[in-house]
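Okay, coords_1.txt now, which holds compact mmCIF, C-alpha atoms and all ligand atoms:
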# COMPACT_ATOMS: atom_id res chain seq x y z
CA MET A 1 0.00 0.00 0.00
CA THR A 2 1.28 3.50 -0.86
CA ILE A 3 0.13 6.43 1.25
CA LEU A 4 0.81 10.16 1.02
CA VAL A 5 1.57 11.77 4.37
CA THR A 6 1.50 15.56 4.58
CA GLY A 7 3.62 17.10 7.34
CA GLY A 8 5.50 13.83 7.76
CA ALA A 9 8.76 15.54 8.80
CA GLY A 10 7.15 17.11 11.89
CA PHE A 11 6.57 15.60 15.32
CA ILE A 12 3.53 13.32 15.01
CA GLY A 13 3.89 12.81 11.25
CA SER A 14 7.45 11.50 11.53
CA ASN A 15 6.50 9.16 14.39
CA PHE A 16 3.64 7.89 12.22
CA VAL A 17 5.86 7.36 9.15
CA ARG A 18 8.57 5.59 11.16
CA GLU A 19 6.04 3.21 12.66
CA TRP A 20 4.23 2.65 9.34
CA ILE A 21 7.44 1.65 7.60
CA GLY A 22 8.93 -0.14 10.62
CA SER A 23 5.91 -2.43 10.72
CA GLY A 24 6.13 -3.26 7.00
CA ARG A 25 2.86 -1.62 5.96
CA GLY A 26 4.19 -0.29 2.66
CA ARG A 27 5.54 2.80 0.95
CA VAL A 28 5.15 6.40 2.13
CA VAL A 29 5.45 9.62 0.17
CA VAL A 30 5.98 12.53 2.58
CA LEU A 31 4.96 15.99 1.37
CA ASP A 32 6.37 18.61 3.71
CA ARG A 33 7.19 22.29 3.30
CA LEU A 34 10.02 21.79 5.82
CA THR A 35 9.14 24.80 7.95
CA TYR A 36 11.01 25.59 11.17
CA ALA A 37 8.98 22.77 12.81
CA ALA A 38 10.25 20.04 10.50
CA ASN A 39 13.45 18.12 10.72
CA PRO A 40 14.33 15.74 7.88
CA ALA A 41 16.57 13.94 10.39
CA ASN A 42 13.33 12.66 11.95
CA LEU A 43 13.04 10.42 8.88
CA GLU A 44 16.70 9.46 8.43
CA GLY A 45 16.40 5.69 8.93
CA VAL A 46 13.21 5.31 6.94
CA ILE A 47 14.45 7.28 3.92
CA ALA A 48 17.53 5.04 3.84
CA SER A 49 15.19 2.01 3.69
CA GLY A 50 14.04 3.14 0.23
CA LEU A 51 10.40 2.88 1.34
CA CYS A 52 9.96 6.56 2.09
CA VAL A 53 10.29 9.48 -0.33
CA LEU A 54 10.49 12.98 1.13
CA VAL A 55 9.23 15.70 -1.21
CA ARG A 56 9.66 19.33 -0.20
CA GLY A 57 6.47 21.14 -1.17
CA ASP A 58 3.51 23.12 0.05
CA ILE A 59 0.03 21.62 0.49
CA ALA A 60 -1.31 24.95 -0.77
CA ASP A 61 0.42 24.36 -4.13
CA GLN A 62 -2.41 22.48 -5.82
CA ALA A 63 -0.46 21.74 -9.00
CA CYS A 64 2.43 20.26 -7.00
CA VAL A 65 0.04 18.05 -5.00
CA ALA A 66 -1.81 16.98 -8.16
CA SER A 67 1.41 15.94 -9.88
CA LEU A 68 2.57 13.99 -6.83
CA LEU A 69 -0.73 12.12 -6.71
CA GLN A 70 -0.42 11.23 -10.40
CA LYS A 71 3.15 10.11 -9.98
CA TYR A 72 2.76 7.94 -6.87
CA GLN A 73 -0.92 6.88 -7.07
CA PRO A 74 -1.49 6.66 -3.28
CA GLU A 75 -4.41 4.69 -1.86
CA ALA A 76 -4.78 7.02 1.11
CA ILE A 77 -3.76 10.46 2.35
CA VAL A 78 -2.95 11.16 6.00
CA HIS A 79 -3.02 14.92 6.48
CA PHE A 80 -0.84 16.14 9.36
CA ALA A 81 0.61 19.29 7.75
CA ALA A 82 -0.27 22.38 9.75
CA GLU A 83 1.08 25.30 11.68
CA SER A 84 0.67 23.74 15.12
CA HIS A 85 1.85 26.09 17.88
CA VAL A 86 -0.78 28.16 19.70
CA ASP A 87 1.64 30.86 20.93
CA ARG A 88 2.92 31.47 17.40
CA SER A 89 -0.67 31.77 16.16
CA ILE A 90 -1.24 34.55 18.70
CA HIS A 91 1.87 36.46 17.59
CA GLY A 92 1.25 35.92 13.85
CA PRO A 93 -1.93 34.25 12.60
CA ASP A 94 -1.17 34.65 8.84
CA ASP A 95 0.70 31.37 8.35
CA PHE A 96 -2.07 29.55 10.24
CA ILE A 97 -4.78 30.87 7.95
CA GLN A 98 -2.66 30.13 4.90
CA THR A 99 -1.58 26.58 5.71
CA ASN A 100 -4.36 25.27 7.91
CA ILE A 101 -7.28 26.73 5.96
CA VAL A 102 -6.13 27.63 2.44
CA GLY A 103 -3.63 24.76 2.38
CA THR A 104 -6.24 22.20 3.45
CA TYR A 105 -8.66 23.58 0.85
CA ARG A 106 -6.07 23.30 -1.97
CA LEU A 107 -5.10 19.84 -0.82
CA LEU A 108 -8.74 18.73 -0.80
CA GLU A 109 -9.22 20.08 -4.31
CA ALA A 110 -6.14 18.29 -5.64
CA VAL A 111 -7.23 15.06 -3.95
CA ARG A 112 -10.79 15.41 -5.25
CA GLY A 113 -9.50 15.71 -8.84
CA TYR A 114 -7.30 12.64 -8.42
CA TRP A 115 -9.90 10.55 -6.57
CA SER A 116 -12.75 11.28 -8.97
CA ALA A 117 -10.67 9.90 -11.87
CA LEU A 118 -9.80 6.61 -10.12
CA PRO A 119 -11.40 3.35 -11.27
CA SER A 120 -14.49 2.73 -9.12
CA SER A 121 -13.03 -0.26 -7.24
CA VAL A 122 -9.96 1.82 -6.20
CA GLN A 123 -12.14 4.86 -5.53
CA ALA A 124 -14.26 2.95 -3.01
CA ALA A 125 -11.23 1.91 -0.93
CA PHE A 126 -9.54 5.35 -1.03
CA ARG A 127 -9.39 7.38 2.23
CA PHE A 128 -8.48 10.95 3.19
CA LEU A 129 -7.70 11.12 6.91
CA HIS A 130 -7.58 14.61 8.42
CA VAL A 131 -5.63 14.89 11.69
CA SER A 132 -7.13 17.50 13.97
CA THR A 133 -7.25 18.63 17.56
CA ASP A 134 -9.40 18.76 20.69
CA GLU A 135 -8.81 22.54 20.75
CA VAL A 136 -11.68 23.00 18.28
CA TYR A 137 -14.12 22.32 21.17
CA GLY A 138 -12.75 25.21 23.23
CA SER A 139 -12.35 25.42 26.98
CA LEU A 140 -14.21 23.13 29.39
CA ALA A 141 -15.26 23.93 32.95
CA VAL A 142 -13.38 21.82 35.47
CA ASP A 143 -16.50 19.79 36.28
CA ALA A 144 -17.84 19.50 32.70
CA PRO A 145 -17.95 16.08 31.03
CA PRO A 146 -15.19 15.43 28.46
CA SER A 147 -15.95 16.41 24.83
CA THR A 148 -17.58 13.82 22.60
CA GLU A 149 -17.68 14.01 18.79
CA LEU A 150 -21.02 15.83 19.16
CA ALA A 151 -19.60 18.72 21.22
CA THR A 152 -20.12 22.22 19.83
CA TYR A 153 -17.17 23.83 18.09
CA ALA A 154 -15.93 26.84 20.11
CA PRO A 155 -12.29 27.53 19.15
CA ASN A 156 -10.56 30.33 21.06
CA SER A 157 -7.08 30.79 19.54
CA PRO A 158 -6.20 31.60 15.94
CA TYR A 159 -4.66 28.12 15.76
CA ALA A 160 -7.81 26.40 17.05
CA ALA A 161 -10.03 28.50 14.78
CA SER A 162 -7.92 27.61 11.75
CA LYS A 163 -8.10 23.90 12.60
CA ALA A 164 -11.86 24.17 13.16
CA ALA A 165 -12.18 25.75 9.71
CA SER A 166 -10.16 22.92 8.19
CA ASP A 167 -12.41 20.34 9.89
CA HIS A 168 -15.46 22.03 8.34
CA LEU A 169 -13.86 22.03 4.88
CA VAL A 170 -13.08 18.33 5.15
CA ARG A 171 -16.65 17.58 6.21
CA ALA A 172 -18.05 19.65 3.32
CA TRP A 173 -15.91 17.80 0.76
CA ARG A 174 -17.55 14.59 1.97
CA GLU A 175 -21.11 15.91 2.00
CA THR A 176 -20.83 17.80 -1.29
CA TYR A 177 -18.46 15.73 -3.40
CA GLY A 178 -18.55 12.33 -1.67
CA LEU A 179 -14.81 12.27 -0.90
CA PRO A 180 -14.25 9.41 1.61
CA VAL A 181 -12.87 11.45 4.50
CA LEU A 182 -12.18 10.62 8.14
CA THR A 183 -11.38 13.17 10.84
CA THR A 184 -9.60 12.56 14.14
CA ASN A 185 -9.59 15.11 16.98
CA CYS A 186 -6.84 14.35 19.44
CA SER A 187 -5.62 15.69 22.76
CA ASN A 188 -2.04 16.83 23.65
CA ASN A 189 0.65 14.51 22.34
CA TYR A 190 4.09 14.01 23.86
CA GLY A 191 7.07 11.82 23.01
CA PRO A 192 10.25 11.75 20.90
CA PHE A 193 10.90 14.29 18.10
CA GLN A 194 8.60 16.98 19.52
CA HIS A 195 9.76 20.52 18.79
CA PRO A 196 11.20 22.31 21.85
CA GLU A 197 8.67 25.13 21.61
CA LYS A 198 6.06 22.77 23.15
CA LEU A 199 5.57 22.37 26.92
CA MET A 200 7.34 19.08 27.65
CA PRO A 201 10.53 19.43 25.58
CA LEU A 202 10.77 23.12 26.47
CA MET A 203 10.74 22.28 30.19
CA ILE A 204 13.21 19.39 29.81
CA LEU A 205 15.70 21.45 27.81
CA ASN A 206 15.35 24.63 29.87
CA ALA A 207 15.85 22.59 33.04
CA LEU A 208 19.07 21.04 31.70
CA ALA A 209 20.29 24.48 30.52
CA ARG A 210 19.55 25.81 34.05
CA LYS A 211 17.06 28.32 32.64
CA PRO A 212 13.70 29.30 34.16
CA LEU A 213 10.80 26.87 33.60
CA PRO A 214 8.08 29.33 32.48
CA VAL A 215 4.64 28.20 33.69
CA TYR A 216 1.86 30.36 32.26
CA GLY A 217 -0.60 31.97 34.69
CA ASP A 218 -1.30 29.88 37.79
CA GLY A 219 -0.27 26.57 36.17
CA GLN A 220 -3.73 25.10 36.81
CA ASN A 221 -4.76 24.76 33.14
CA ILE A 222 -5.55 21.16 32.35
CA ARG A 223 -4.51 19.14 29.31
CA ASP A 224 -5.20 15.48 28.50
CA TRP A 225 -1.87 13.85 27.60
CA LEU A 226 -1.41 11.02 25.10
CA TYR A 227 1.82 9.31 24.11
CA VAL A 228 2.48 9.94 20.41
CA GLY A 229 2.76 6.22 19.58
CA ASP A 230 -0.75 5.69 20.91
CA HIS A 231 -2.05 8.52 18.73
CA CYS A 232 -0.37 6.95 15.69
CA GLU A 233 -1.94 3.58 16.47
CA ALA A 234 -5.38 5.21 16.71
CA ILE A 235 -4.84 6.89 13.32
CA ARG A 236 -3.88 3.55 11.75
CA ARG A 237 -7.06 1.96 13.10
CA VAL A 238 -9.28 4.79 11.93
CA LEU A 239 -7.64 4.62 8.51
CA ALA A 240 -8.16 0.86 8.26
CA GLN A 241 -11.58 0.46 9.88
CA GLY A 242 -13.14 3.90 10.39
CA ARG A 243 -16.41 4.72 8.66
CA PRO A 244 -16.02 7.39 5.94
CA GLY A 245 -17.57 10.70 6.94
CA GLU A 246 -17.11 9.99 10.66
CA THR A 247 -15.13 11.88 13.27
CA TYR A 248 -13.21 10.04 16.00
CA ASN A 249 -12.06 11.70 19.22
CA ILE A 250 -8.74 10.39 20.56
CA GLY A 251 -7.55 11.06 24.09
CA GLY A 252 -5.33 9.65 26.79
CA ASP A 253 -7.72 9.74 29.75
CA SER A 254 -4.84 11.42 31.50
CA GLU A 255 -5.81 14.92 32.59
CA GLN A 256 -3.07 16.83 34.37
CA THR A 257 -2.51 20.44 35.36
CA ASN A 258 0.48 22.06 33.67
CA LEU A 259 2.15 22.59 37.05
CA ASP A 260 1.85 18.88 37.87
CA VAL A 261 3.35 17.96 34.49
CA VAL A 262 6.31 20.30 35.03
CA ARG A 263 6.87 18.99 38.56
CA GLN A 264 6.85 15.39 37.28
CA ILE A 265 9.39 16.31 34.58
CA CYS A 266 11.61 17.83 37.27
CA ALA A 267 11.32 14.71 39.45
CA VAL A 268 12.35 12.43 36.54
CA LEU A 269 15.27 14.72 35.68
CA ASP A 270 16.36 14.82 39.34
CA GLU A 271 16.70 11.05 39.10
CA LEU A 272 18.11 10.60 35.57
CA SER A 273 20.36 13.66 35.33
CA PRO A 274 20.76 15.23 38.78
CA ARG A 275 21.90 18.85 39.11
CA ALA A 276 25.53 19.14 40.14
CA ASP A 277 24.53 21.11 43.25
CA GLY A 278 22.17 18.32 44.36
CA ARG A 279 19.13 20.61 44.34
CA SER A 280 15.89 19.90 42.48
CA TYR A 281 15.14 21.26 39.02
CA ALA A 282 11.77 22.27 40.49
CA GLU A 283 13.59 25.32 41.92
CA GLN A 284 13.71 26.69 38.37
CA ILE A 285 9.88 26.84 38.03
CA THR A 286 8.85 30.44 37.35
CA PHE A 287 5.29 31.70 36.94
CA VAL A 288 5.03 34.04 33.95
CA ALA A 289 2.27 36.09 32.26
CA ASP A 290 -0.60 33.96 31.00
CA ARG A 291 -1.18 33.10 27.33
CA PRO A 292 -3.96 35.40 25.97
CA GLY A 293 -7.22 33.46 25.63
CA HIS A 294 -5.61 30.50 27.41
CA ASP A 295 -8.12 27.62 27.47
CA ARG A 296 -8.55 26.33 31.01
CA ARG A 297 -9.23 22.71 30.30
CA TYR A 298 -9.43 20.22 27.45
CA ALA A 299 -10.69 16.69 27.97
CA ILE A 300 -11.66 14.09 25.40
CA ASP A 301 -14.28 11.37 25.58
CA ALA A 302 -12.72 8.65 23.41
CA ARG A 303 -15.43 6.03 23.86
CA LYS A 304 -16.28 5.92 20.15
CA VAL A 305 -12.80 4.91 18.96
CA ARG A 306 -12.44 2.54 21.90
CA GLU A 307 -15.77 0.79 21.35
CA GLU A 308 -15.93 0.82 17.53
CA LEU A 309 -12.29 0.20 16.73
CA GLY A 310 -10.97 -1.48 19.88
CA TRP A 311 -8.29 1.17 20.45
CA ALA A 312 -6.93 2.08 23.89
CA PRO A 313 -3.76 3.90 24.92
CA ALA A 314 -0.99 1.41 25.73
CA GLN A 315 1.40 3.84 27.43
CA ALA A 316 0.76 5.00 31.00
CA PHE A 317 1.56 8.67 31.56
CA SER A 318 4.30 8.07 34.16
CA SER A 319 6.26 5.59 32.01
CA GLY A 320 5.64 7.62 28.82
CA LEU A 321 7.00 10.73 30.52
CA ARG A 322 10.09 8.86 31.72
CA LYS A 323 10.69 7.47 28.23
CA THR A 324 10.32 10.95 26.75
CA VAL A 325 12.71 12.61 29.19
CA GLY A 326 15.17 9.77 28.52
CA TRP A 327 14.88 10.30 24.76
CA TYR A 328 15.78 14.00 25.04
CA LEU A 329 18.73 13.17 27.30
CA GLU A 330 19.98 10.63 24.77
CA HIS A 331 19.61 12.83 21.67
CA PRO A 332 21.58 16.04 22.25
CA GLU A 333 22.57 16.19 18.55
CA TRP A 334 18.89 16.20 17.46
CA VAL A 335 18.18 18.94 19.98
CA SER A 336 21.05 21.11 18.80
CA GLN A 337 19.96 20.78 15.14
CA VAL A 338 16.44 21.93 16.03
CA VAL A 339 17.33 24.60 18.55
CA ASN A 340 19.31 26.57 15.97
CA GLY A 341 18.22 29.29 13.59
CA GLU A 342 14.59 30.26 13.51
CA TYR A 343 13.58 28.62 16.79
CA ARG A 344 16.48 30.27 18.57
CA ARG A 345 15.26 33.70 17.40
CA TRP A 346 11.67 32.89 18.42
CA SER A 347 12.53 31.58 21.88
CA ASP A 348 14.93 34.45 22.59
CA GLN A 349 12.03 36.86 22.02
CA GLN A 350 9.81 34.97 24.49
CA TYR A 351 11.90 34.86 27.64
P1 LIG B 401 4.50 19.96 13.84
O1 LIG B 401 4.46 21.44 13.90
O2 LIG B 401 5.53 19.24 14.62
O3 LIG B 401 4.66 19.48 12.32
C1 LIG B 401 3.94 20.07 11.28
C2 LIG B 401 4.60 19.65 9.97
O4 LIG B 401 3.83 20.23 8.89
C3 LIG B 401 6.02 20.16 9.82
O5 LIG B 401 6.85 19.13 9.33
C4 LIG B 401 5.90 21.29 8.80
O6 LIG B 401 7.07 21.50 8.02
C5 LIG B 401 4.74 20.81 7.95
N1 LIG B 401 4.06 21.89 7.25
C6 LIG B 401 3.67 23.09 7.76
N2 LIG B 401 3.10 23.83 6.80
C7 LIG B 401 3.11 23.10 5.66
C8 LIG B 401 2.64 23.30 4.34
N3 LIG B 401 2.05 24.45 3.99
N4 LIG B 401 2.80 22.32 3.43
C9 LIG B 401 3.40 21.15 3.76
N5 LIG B 401 3.88 20.90 5.00
C10 LIG B 401 3.73 21.85 5.94
O7 LIG B 401 3.03 19.47 14.23
P2 LIG B 401 2.56 18.20 15.05
O8 LIG B 401 2.56 18.52 16.50
O9 LIG B 401 3.29 17.01 14.54
O10 LIG B 401 1.03 18.13 14.58
C11 LIG B 401 0.68 17.44 13.39
C12 LIG B 401 -0.82 17.57 13.19
O11 LIG B 401 -1.51 17.02 14.31
C13 LIG B 401 -1.32 19.00 13.06
O12 LIG B 401 -2.32 19.03 12.09
C14 LIG B 401 -1.88 19.33 14.44
O13 LIG B 401 -2.91 20.28 14.35
C15 LIG B 401 -2.41 17.98 14.85
N6 LIG B 401 -2.45 17.72 16.31
C16 LIG B 401 -1.35 17.92 17.08
C17 LIG B 401 -1.40 17.60 18.44
C18 LIG B 401 -0.19 17.79 19.33
O14 LIG B 401 -0.30 17.64 20.54
N7 LIG B 401 1.00 18.09 18.80
C19 LIG B 401 -2.58 17.11 19.00
C20 LIG B 401 -3.70 16.94 18.17
C21 LIG B 401 -3.61 17.23 16.82
O1 LIG B 402 -4.65 19.89 22.58
C1 LIG B 402 -4.00 19.54 21.39
C2 LIG B 402 -3.01 20.63 21.06
O2 LIG B 402 -1.92 20.48 21.97
C3 LIG B 402 -2.51 20.57 19.62
O3 LIG B 402 -3.58 20.79 18.75
C4 LIG B 402 -1.42 21.65 19.39
O4 LIG B 402 -0.90 21.53 18.07
C5 LIG B 402 -0.32 21.41 20.40
O5 LIG B 402 0.67 22.42 20.27
C6 LIG B 402 -0.87 21.41 21.82
O6 LIG B 402 -1.37 22.73 22.16
P1 LIG B 402 -1.12 23.35 23.61
O7 LIG B 402 -1.26 24.81 23.54
O8 LIG B 402 -1.92 22.64 24.63
O9 LIG B 402 0.42 22.90 23.81
P2 LIG B 402 1.69 23.66 24.43
O10 LIG B 402 2.77 22.64 24.55
O11 LIG B 402 2.01 24.92 23.72
O12 LIG B 402 1.17 24.03 25.89
C7 LIG B 402 0.65 23.05 26.77
C8 LIG B 402 0.16 23.79 28.02
O13 LIG B 402 1.29 24.32 28.71
C9 LIG B 402 -0.74 24.98 27.71
O14 LIG B 402 -1.75 25.07 28.70
C10 LIG B 402 0.19 26.18 27.80
C11 LIG B 402 1.22 25.75 28.84
N1 LIG B 402 2.59 26.26 28.65
C12 LIG B 402 3.16 26.10 27.44
C13 LIG B 402 4.44 26.55 27.20
C14 LIG B 402 5.10 26.39 25.85
C15 LIG B 402 3.27 26.83 29.71
O15 LIG B 402 2.73 26.95 30.84
N2 LIG B 402 4.53 27.28 29.48
C16 LIG B 402 5.16 27.17 28.27
O16 LIG B 402 6.32 27.62 28.14
Could you rewrite the structure in this file as structure tokens?
Amino acid sequence: MTILVTGGAGFIGSNFVREWIGSGRGRVVVLDRLTYAANPANLEGVIASGLCVLVRGDIADQACVASLLQKYQPEAIVHFAAESHVDRSIHGPDDFIQTNIVGTYRLLEAVRGYWSALPSSVQAAFRFLHVSTDEVYGSLAVDAPPSTELATYAPNSPYAASKAASDHLVRAWRETYGLPVLTTNCSNNYGPFQHPEKLMPLMILNALARKPLPVYGDGQNIRDWLYVGDHCEAIRRVLAQGRPGETYNIGGDSEQTNLDVVRQICAVLDELSPRADGRSYAEQITFVADRPGHDRRYAIDARKVREELGWAPAQAFSSGLRKTVGWYLEHPEWVSQVVNGEYRRWSDQQY
């Protein structure tokens, strides 16, 4: 089976491609614009295998996507490509509108042209899987039930609004043109290859560099954490067995306040890489100004994917966190590649 993966050089996309190829599922064509968030090194081993082709290109370039589809004839598209960082969307929404909305629209149009010309037997098996986020449902009260697939859309950041718009486009291409789409809305991922602008790697790397650990506001915002490998497994199941036109919520059943997450990271680091002065990394925790429009809580009700597709997270939060901290400690060369250039300029402006 050949699949086209957009955004496959980023965090979740590269984990997905590595696992897809590692488990012998077939060939992958990665289409990635290679923005600051991408690192081709994430795909090093799999490109060497000859089963993965990395093409630098923009999902908003419809002609480029159309020619790739003609050339490689994929049986499915898994669409990860996006601008993904909420703080960046607050400072500069343009790229988010362009990639997440216009880019998804152009991609859908290129795919529709390709799909509508396929022989009917191939057409019936074709899938377009759109990877989206729990942020489209907006902020939940602390005592509210977790969001199901029927929850109202109420995005609060430019990022969340752009992803919500992309979800609506994907749905419309199903209802209007019959494109066999699937949408997944997932909670916060963590694990190897995540860009250091995001909470977990930022805290790990700042701690090791003996910098402040900047916790926004009072640190009581809640996120539902899922190990990236579990997210990838859920995507594979939805791709293989999901019903076209359906949405599947994916979550870790692991709600934590940000402050608790940071404290747990510090405790693991205290054990795996103790400070020379014997003191805890938790001393570096610093409360800073809150993120504008900061959603208080996200929580996902993942009963549909569990009951229909038999998926459940395999990785407990405590062991997943330990594995993740260990991975960053063991990959200083990956970190230094990523922490150069554009990210360096961005992070220097923040703190
Ligand atoms: P990421 O920022 O690490 O990677 C995004 C990738 O998309 C990068 O490789 C980047 O170069 C590429 N890209 C950006 N613009 C592009 C364009 N115009 N054309 C082609 N490629 C482009 O993001 P991530 O954290 O891996 O998230 C992947 C997807 O999963 C996103 O759609 C995101 O909204 C969604 N998601 C993320 C999380 C999470 O916790 N990280 C949770 C739920 C859903
Ligand atoms: O919920 C899914 C979403 O999770 C994805 O759709 C996004 O692509 C992904 O980036 C992530 O969004 P968040 O905003 O939740 O992730 P981030 O790592 O930026 O922040 C997690 C929480 O930690 C959030 O409440 C803000 C807080 N935070 C973040 C940073 C970077 C801090 O307190 N300090 C920080 O320095």
Separation of atom CA of A:Arg237 and atom O1 of ligand LIG 402 (chain B), in Å?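 A separation of 20.4 Å between them.
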Could you list, as a ChimeraX atom specification, all the residues within 6 Å of ligand LIG 401 (chain B), counting all atoms listed in the file? /A:6-13,31-35,37-38,57-60,80-84,99,103,131-133,186-189
Taking all atoms listed in the file into account, which of A:Ala76, A:Asn42, A:Gly326, A:Val55 comes nearest A:Gly26? A:Ala76
Minimum-distance residue to ligand LIG 402 (chain B), chosen among A:Val181, A:Leu169, A:Val136, A:Ala314 (using all atoms listed in the file): A:Val136
Please report as a Markdown table every residue of stretch 104-221 of chain A lying within 8 Å of stretch 281-284 of chain A, along with the nearest atom pair and their distance in Å (one decimal), using all atoms listed in the file.
| residue | atom | partner | partner_atom | distance |
| --- | --- | --- | --- | --- |
| A:Ala207 | CA | A:Tyr281 | CA | 6.2 |
| A:Arg210 | CA | A:Gln284 | CA | 7.3 |
| A:Lys211 | CA | A:Gln284 | CA | 6.8 |
| A:Pro212 | CA | A:Gln284 | CA | 5.0 |
| A:Leu213 | CA | A:Gln284 | CA | 5.6 |
Build an axis-aligned box that encloses every atom of ligand LIG 402 (chain B) listed in the file, pad it by 5 Å on each side, and report its centre and edge lengths in Å to one decimal, as lines of an AutoDock Vina configuration file.
center_x = 0.8
center_y = 23.6
center_z = 24.5
size_x = 21.0
size_y = 18.1
size_z = 22.8
Enumerate residues in contact with ligand LIG 402 (chain B): an atom-to-atom distance of at most 9 Å, counting all atoms listed in the file. Format the result as a PyMOL selection string. chain A and resi 82-87+132-136+159-160+163+185-190+196-203+213-225+257-259+261-262+287-288+290-291+294-299+350
Could you state the separation of atom CA of A:Pro93 and atom CA of A:Pro292 in Å, given to one decimal place?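 Calculated distance between atom CA of A:Pro93 and atom CA of A:Pro292 is 13.6 Å.
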Distance query A:Tyr114 at most 8 Å, all atoms listed in the file, self and fewer than 2 positions along chain excluded, as a list in words: Ala66, Leu69, Gln70, Ala110, Val111, Arg112, Ser116, Ala117 and Leu118 of chain A
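With only C-alpha atoms as the atoms that count, the residue of A:Thr104, A:Asn156, A:Thr286, A:Ser139 with the shortest distance to A:Val170 is A:Thr104.
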Minimum-distance residue to A:Ala172, chosen among A:Ala63, A:Leu108, A:Leu43, A:Leu329 (using all atoms listed in the file):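 Going through A:Ala63, A:Leu108, A:Leu43, A:Leu329 one by one, the smallest distance to A:Ala172 is for A:Leu108.
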Is there a way to get, as a list of chain:residue names, all residues within 10 Å of the point (-13.0, 6.9, -6.1) in file coordinates, counting all atoms listed in the file?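 Residues with an atom at most 10 Å from (-13.0, 6.9, -6.1): A:Glu75, A:Arg112, A:Gly113, A:Tyr114, A:Trp115, A:Ser116, A:Ala117, A:Leu118, A:Pro119, A:Ser120, A:Ser121, A:Val122, A:Gln123, A:Ala124, A:Ala125, A:Phe126, A:Arg127, A:Gly178, A:Leu179, A:Pro180.
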Keeping only C-alpha atoms, write the selected residues to a file as a tab-separated table (two decimals), in the frame of the given file.
chain	number	residue	atom	x	y	z
A	75	GLU	CA	-4.41	4.69	-1.86
A	112	ARG	CA	-10.79	15.41	-5.25
A	113	GLY	CA	-9.50	15.71	-8.84
A	114	TYR	CA	-7.30	12.64	-8.42
A	115	TRP	CA	-9.90	10.55	-6.57
A	116	SER	CA	-12.75	11.28	-8.97
A	117	ALA	CA	-10.67	9.90	-11.87
A	118	LEU	CA	-9.80	6.61	-10.12
A	119	PRO	CA	-11.40	3.35	-11.27
A	120	SER	CA	-14.49	2.73	-9.12
A	121	SER	CA	-13.03	-0.26	-7.24
A	122	VAL	CA	-9.96	1.82	-6.20
A	123	GLN	CA	-12.14	4.86	-5.53
A	124	ALA	CA	-14.26	2.95	-3.01
A	125	ALA	CA	-11.23	1.91	-0.93
A	126	PHE	CA	-9.54	5.35	-1.03
A	127	ARG	CA	-9.39	7.38	2.23
A	178	GLY	CA	-18.55	12.33	-1.67
A	179	LEU	CA	-14.81	12.27	-0.90
A	180	PRO	CA	-14.25	9.41	1.61
For a test of reading the model, state the distance in Å between atom CA of A:Glu44 and atom CA of A:Ser14, rounded to one decimal. 10.0 Å
Tell me which of A:Gly245, A:Glu19, A:Leu309, A:Glu330 sits closest to A:Glu175, counting only C-alpha atoms.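 With only C-alpha atoms as the atom set, the closest residue is A:Gly245.
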